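One file, start18.json, is given below (JSON, N, CA and C atoms and all ligand atoms).
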```json
[["chain", "number", "residue", "atom", "x", "y", "z"],
["A", 1, "MET", "N", 248.75, 53.25, 132.32],
["A", 1, "MET", "CA", 249.27, 53.09, 133.69],
["A", 1, "MET", "C", 249.36, 51.60, 134.01],
["A", 2, "PRO", "N", 250.49, 51.19, 134.48],
["A", 2, "PRO", "CA", 250.63, 49.75, 134.72],
["A", 2, "PRO", "C", 249.83, 49.28, 135.93],
["A", 3, "THR", "N", 249.48, 48.07, 135.87],
["A", 3, "THR", "CA", 248.75, 47.45, 136.97],
["A", 3, "THR", "C", 249.69, 46.52, 137.73],
["A", 4, "TYR", "N", 249.61, 46.58, 139.01],
["A", 4, "TYR", "CA", 250.41, 45.69, 139.83],
["A", 4, "TYR", "C", 249.48, 44.80, 140.62],
["A", 5, "GLU", "N", 249.91, 43.59, 140.76],
["A", 5, "GLU", "CA", 249.09, 42.63, 141.48],
["A", 5, "GLU", "C", 249.78, 42.29, 142.79],
["A", 6, "PHE", "N", 248.99, 42.26, 143.81],
["A", 6, "PHE", "CA", 249.54, 41.99, 145.14],
["A", 6, "PHE", "C", 248.75, 40.87, 145.80],
["A", 7, "VAL", "N", 249.43, 40.22, 146.71],
["A", 7, "VAL", "CA", 248.74, 39.22, 147.51],
["A", 7, "VAL", "C", 249.00, 39.55, 148.98],
["A", 8, "CYS", "N", 247.99, 39.41, 149.77],
["A", 8, "CYS", "CA", 248.11, 39.66, 151.19],
["A", 8, "CYS", "C", 248.74, 38.43, 151.84],
["A", 9, "LYS", "N", 249.80, 38.67, 152.59],
["A", 9, "LYS", "CA", 250.45, 37.54, 153.23],
["A", 9, "LYS", "C", 249.68, 37.08, 154.46],
["A", 10, "TYR", "N", 248.76, 37.89, 154.86],
["A", 10, "TYR", "CA", 248.00, 37.56, 156.07],
["A", 10, "TYR", "C", 246.79, 36.69, 155.73],
["A", 11, "CYS", "N", 246.02, 37.13, 154.75],
["A", 11, "CYS", "CA", 244.79, 36.39, 154.47],
["A", 11, "CYS", "C", 244.80, 35.78, 153.07],
["A", 12, "GLY", "N", 245.81, 36.10, 152.29],
["A", 12, "GLY", "CA", 245.90, 35.49, 150.97],
["A", 12, "GLY", "C", 245.05, 36.18, 149.92],
["A", 13, "ASN", "N", 244.45, 37.28, 150.27],
["A", 13, "ASN", "CA", 243.63, 38.01, 149.29],
["A", 13, "ASN", "C", 244.52, 38.57, 148.19],
["A", 14, "ARG", "N", 244.06, 38.48, 146.97],
["A", 14, "ARG", "CA", 244.81, 39.05, 145.86],
["A", 14, "ARG", "C", 244.05, 40.25, 145.33],
["A", 15, "PHE", "N", 244.78, 41.28, 145.00],
["A", 15, "PHE", "CA", 244.14, 42.47, 144.46],
["A", 15, "PHE", "C", 245.13, 43.18, 143.55],
["A", 16, "GLU", "N", 244.57, 44.03, 142.72],
["A", 16, "GLU", "CA", 245.39, 44.78, 141.78],
["A", 16, "GLU", "C", 245.31, 46.25, 142.12],
["A", 17, "THR", "N", 246.35, 46.96, 141.78],
["A", 17, "THR", "CA", 246.34, 48.39, 141.99],
["A", 17, "THR", "C", 247.08, 49.07, 140.85],
["A", 18, "PHE", "N", 246.70, 50.30, 140.61],
["A", 18, "PHE", "CA", 247.37, 51.09, 139.60],
["A", 18, "PHE", "C", 248.41, 51.99, 140.27],
["A", 19, "ALA", "N", 249.53, 52.14, 139.62],
["A", 19, "ALA", "CA", 250.52, 53.08, 140.14],
["A", 19, "ALA", "C", 251.47, 53.42, 139.02],
["A", 20, "THR", "N", 251.91, 54.64, 139.05],
["A", 20, "THR", "CA", 252.93, 55.01, 138.08],
["A", 20, "THR", "C", 254.28, 54.48, 138.56],
["A", 21, "ILE", "N", 255.23, 54.50, 137.65],
["A", 21, "ILE", "CA", 256.55, 54.01, 138.03],
["A", 21, "ILE", "C", 257.12, 54.83, 139.19],
["A", 22, "SER", "N", 256.95, 56.14, 139.11],
["A", 22, "SER", "CA", 257.51, 56.98, 140.16],
["A", 22, "SER", "C", 256.81, 56.76, 141.48],
["A", 23, "GLN", "N", 255.51, 56.51, 141.40],
["A", 23, "GLN", "CA", 254.79, 56.19, 142.64],
["A", 23, "GLN", "C", 255.34, 54.92, 143.26],
["A", 24, "LYS", "N", 255.62, 53.97, 142.40],
["A", 24, "LYS", "CA", 256.07, 52.69, 142.90],
["A", 24, "LYS", "C", 257.47, 52.80, 143.48],
["A", 25, "GLU", "N", 258.31, 53.63, 142.84],
["A", 25, "GLU", "CA", 259.67, 53.77, 143.34],
["A", 25, "GLU", "C", 259.68, 54.46, 144.70],
["A", 26, "LYS", "N", 258.74, 55.34, 144.90],
["A", 26, "LYS", "CA", 258.65, 56.00, 146.20],
["A", 26, "LYS", "C", 258.13, 55.05, 147.26],
["A", 27, "GLY", "N", 257.50, 54.03, 146.82],
["A", 27, "GLY", "CA", 256.96, 53.08, 147.78],
["A", 27, "GLY", "C", 255.47, 53.26, 147.90],
["A", 28, "LEU", "N", 254.78, 52.18, 147.72],
["A", 28, "LEU", "CA", 253.33, 52.26, 147.80],
["A", 28, "LEU", "C", 252.87, 51.87, 149.19],
["A", 29, "ASP", "N", 251.98, 52.67, 149.68],
["A", 29, "ASP", "CA", 251.36, 52.31, 150.95],
["A", 29, "ASP", "C", 250.12, 51.50, 150.66],
["A", 30, "LEU", "N", 250.31, 50.23, 150.66],
["A", 30, "LEU", "CA", 249.21, 49.37, 150.27],
["A", 30, "LEU", "C", 248.69, 48.60, 151.46],
["A", 31, "PHE", "N", 247.42, 48.42, 151.43],
["A", 31, "PHE", "CA", 246.78, 47.64, 152.46],
["A", 31, "PHE", "C", 245.87, 46.63, 151.80],
["A", 32, "CYS", "N", 245.77, 45.51, 152.41],
["A", 32, "CYS", "CA", 244.88, 44.49, 151.90],
["A", 32, "CYS", "C", 243.45, 45.01, 151.90],
["A", 33, "GLU", "N", 242.77, 44.80, 150.80],
["A", 33, "GLU", "CA", 241.40, 45.27, 150.72],
["A", 33, "GLU", "C", 240.47, 44.41, 151.57],
["A", 34, "ASN", "N", 240.94, 43.26, 151.92],
["A", 34, "ASN", "CA", 240.08, 42.33, 152.64],
["A", 34, "ASN", "C", 240.21, 42.48, 154.14],
["A", 35, "CYS", "N", 241.47, 42.46, 154.62],
["A", 35, "CYS", "CA", 241.66, 42.47, 156.06],
["A", 35, "CYS", "C", 242.37, 43.72, 156.54],
["A", 36, "GLY", "N", 242.85, 44.55, 155.61],
["A", 36, "GLY", "CA", 243.48, 45.80, 156.01],
["A", 36, "GLY", "C", 244.93, 45.64, 156.43],
["A", 37, "SER", "N", 245.49, 44.46, 156.27],
["A", 37, "SER", "CA", 246.88, 44.27, 156.67],
["A", 37, "SER", "C", 247.82, 44.94, 155.68],
["A", 38, "PRO", "N", 248.85, 45.60, 156.19],
["A", 38, "PRO", "CA", 249.84, 46.20, 155.29],
["A", 38, "PRO", "C", 250.86, 45.19, 154.79],
["A", 39, "ASP", "N", 250.73, 43.98, 155.22],
["A", 39, "ASP", "CA", 251.73, 42.96, 154.88],
["A", 39, "ASP", "C", 251.36, 42.31, 153.55],
["A", 40, "VAL", "N", 251.59, 43.07, 152.49],
["A", 40, "VAL", "CA", 251.25, 42.56, 151.16],
["A", 40, "VAL", "C", 252.52, 42.40, 150.35],
["A", 41, "LYS", "N", 252.46, 41.53, 149.42],
["A", 41, "LYS", "CA", 253.62, 41.22, 148.59],
["A", 41, "LYS", "C", 253.22, 41.32, 147.13],
["A", 42, "GLN", "N", 254.09, 41.91, 146.35],
["A", 42, "GLN", "CA", 253.76, 42.03, 144.94],
["A", 42, "GLN", "C", 253.93, 40.70, 144.23],
["A", 43, "ILE", "N", 253.01, 40.43, 143.37],
["A", 43, "ILE", "CA", 253.11, 39.24, 142.54],
["A", 43, "ILE", "C", 253.73, 39.66, 141.22],
["A", 44, "ILE", "N", 254.86, 39.11, 140.93],
["A", 44, "ILE", "CA", 255.47, 39.39, 139.63],
["A", 44, "ILE", "C", 254.77, 38.51, 138.62],
["A", 45, "SER", "N", 254.05, 39.15, 137.74],
["A", 45, "SER", "CA", 253.27, 38.38, 136.79],
["A", 45, "SER", "C", 254.11, 38.01, 135.58],
["A", 46, "ALA", "N", 254.61, 36.83, 135.62],
["A", 46, "ALA", "CA", 255.35, 36.33, 134.47],
["A", 46, "ALA", "C", 254.34, 35.90, 133.40],
["A", 47, "PRO", "N", 254.68, 36.12, 132.19],
["A", 47, "PRO", "CA", 253.76, 35.67, 131.14],
["A", 47, "PRO", "C", 253.60, 34.17, 131.18],
["A", 48, "MET", "N", 252.37, 33.78, 131.08],
["A", 48, "MET", "CA", 252.10, 32.35, 131.11],
["A", 48, "MET", "C", 252.83, 31.66, 129.97],
["A", 49, "THR", "N", 253.49, 30.61, 130.32],
["A", 49, "THR", "CA", 254.10, 29.81, 129.27],
["A", 49, "THR", "C", 252.99, 29.17, 128.47],
["A", 50, "LEU", "N", 253.04, 29.41, 127.20],
["A", 50, "LEU", "CA", 251.97, 28.87, 126.38],
["A", 50, "LEU", "C", 252.02, 27.36, 126.39],
["A", 51, "LEU", "N", 250.88, 26.82, 126.61],
["A", 51, "LEU", "CA", 250.81, 25.36, 126.57],
["A", 51, "LEU", "C", 251.09, 24.89, 125.16],
["A", 52, "ARG", "N", 252.06, 24.08, 125.08],
["A", 52, "ARG", "CA", 252.36, 23.55, 123.76],
["A", 52, "ARG", "C", 251.33, 22.49, 123.41],
["A", 53, "GLY", "N", 250.95, 22.52, 122.17],
["A", 53, "GLY", "CA", 250.07, 21.46, 121.74],
["A", 53, "GLY", "C", 250.80, 20.14, 121.84],
["A", 54, "SER", "N", 250.08, 19.12, 122.17],
["A", 54, "SER", "CA", 250.75, 17.83, 122.29],
["A", 54, "SER", "C", 250.82, 17.18, 120.92],
["A", 55, "PRO", "N", 251.99, 17.19, 120.35],
["A", 55, "PRO", "CA", 252.11, 16.71, 118.97],
["A", 55, "PRO", "C", 251.92, 15.21, 118.85],
["A", 56, "SER", "N", 252.04, 14.51, 119.94],
["A", 56, "SER", "CA", 251.93, 13.06, 119.85],
["A", 56, "SER", "C", 250.51, 12.58, 120.15],
["A", 57, "SER", "N", 249.55, 13.49, 120.12],
["A", 57, "SER", "CA", 248.20, 13.12, 120.50],
["A", 57, "SER", "C", 247.37, 12.71, 119.29],
["A", 58, "GLY", "N", 248.02, 12.45, 118.19],
["A", 58, "GLY", "CA", 247.27, 12.12, 116.99],
["A", 58, "GLY", "C", 246.44, 10.87, 117.15],
["A", 59, "CYS", "N", 246.92, 9.94, 117.96],
["A", 59, "CYS", "CA", 246.22, 8.67, 118.08],
["A", 59, "CYS", "C", 244.95, 8.79, 118.89],
["A", 60, "SER", "N", 244.82, 9.89, 119.67],
["A", 60, "SER", "CA", 243.64, 10.01, 120.52],
["A", 60, "SER", "C", 242.54, 10.79, 119.84],
["A", 61, "GLY", "N", 242.60, 10.86, 118.55],
["A", 61, "GLY", "CA", 241.62, 11.64, 117.82],
["A", 61, "GLY", "C", 240.29, 10.93, 117.71],
["A", 62, "SER", "N", 239.67, 11.04, 116.58],
["A", 62, "SER", "CA", 238.32, 10.51, 116.42],
["A", 62, "SER", "C", 238.32, 9.00, 116.20],
["A", 63, "GLY", "N", 239.47, 8.40, 116.20],
["A", 63, "GLY", "CA", 239.52, 6.96, 116.02],
["A", 63, "GLY", "C", 239.69, 6.56, 114.57],
["A", 64, "SER", "N", 239.65, 7.51, 113.68],
["A", 64, "SER", "CA", 239.79, 7.19, 112.26],
["A", 64, "SER", "C", 241.23, 7.33, 111.81],
["A", 65, "GLY", "N", 242.11, 7.57, 112.77],
["A", 65, "GLY", "CA", 243.51, 7.78, 112.39],
["A", 65, "GLY", "C", 244.13, 6.50, 111.84],
["A", 66, "GLY", "N", 243.87, 5.42, 112.52],
["A", 66, "GLY", "CA", 244.41, 4.17, 112.04],
["A", 66, "GLY", "C", 245.84, 3.93, 112.42],
["A", 67, "CYS", "N", 246.43, 4.85, 113.19],
["A", 67, "CYS", "CA", 247.83, 4.66, 113.55],
["A", 67, "CYS", "C", 247.97, 3.78, 114.78],
["A", 68, "CYS", "N", 246.89, 3.55, 115.47],
["A", 68, "CYS", "CA", 246.98, 2.76, 116.69],
["A", 68, "CYS", "C", 246.53, 1.32, 116.43],
["B", 101, "ZN", "ZN", 244.47, 40.43, 153.85]]
```
Could you quickly redo this structure as structure tokens?
Amino acid sequence: MPTYEFVCKYCGNRFETFATISQKEKGLDLFCENCGSPDVKQIISAPMTLLRGSPSSGCSGSGSGGCC
């Protein structure tokens, strides 16, 4: 079952909820767990862009590189 993440627009509380696709299409009656406000917004969780290793960081190594 997929997890959806929501943020409360009123107090900023973030929470997750489970729902099936059909439940979600029908519309979820969600309330903030913190303040009870129905004014919540779904957070579309994009996959984190993987931090690329810094290829030019060779000189900042243990000092034995000798390139600097
Ligand atoms: Zn709230």
Between atom C of A:Gly12 and atom CA of A:Asn34, measure the distance and give it in Å to one decimal.
-> 8.4 Å
Find the residues near ligand ZN 101 (chain B). Use a cut-off of 8 Å, count all atoms listed in the file, and write them as number ranges by chain.
-> A: 7-14, 31-40
re atom CA of A:Ile21 and atom CA of A:Met1: distance 8.5 Å
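Between atom N of A:Tyr4 and atom N of A:Ile43 there is a distance of 8.3 Å.
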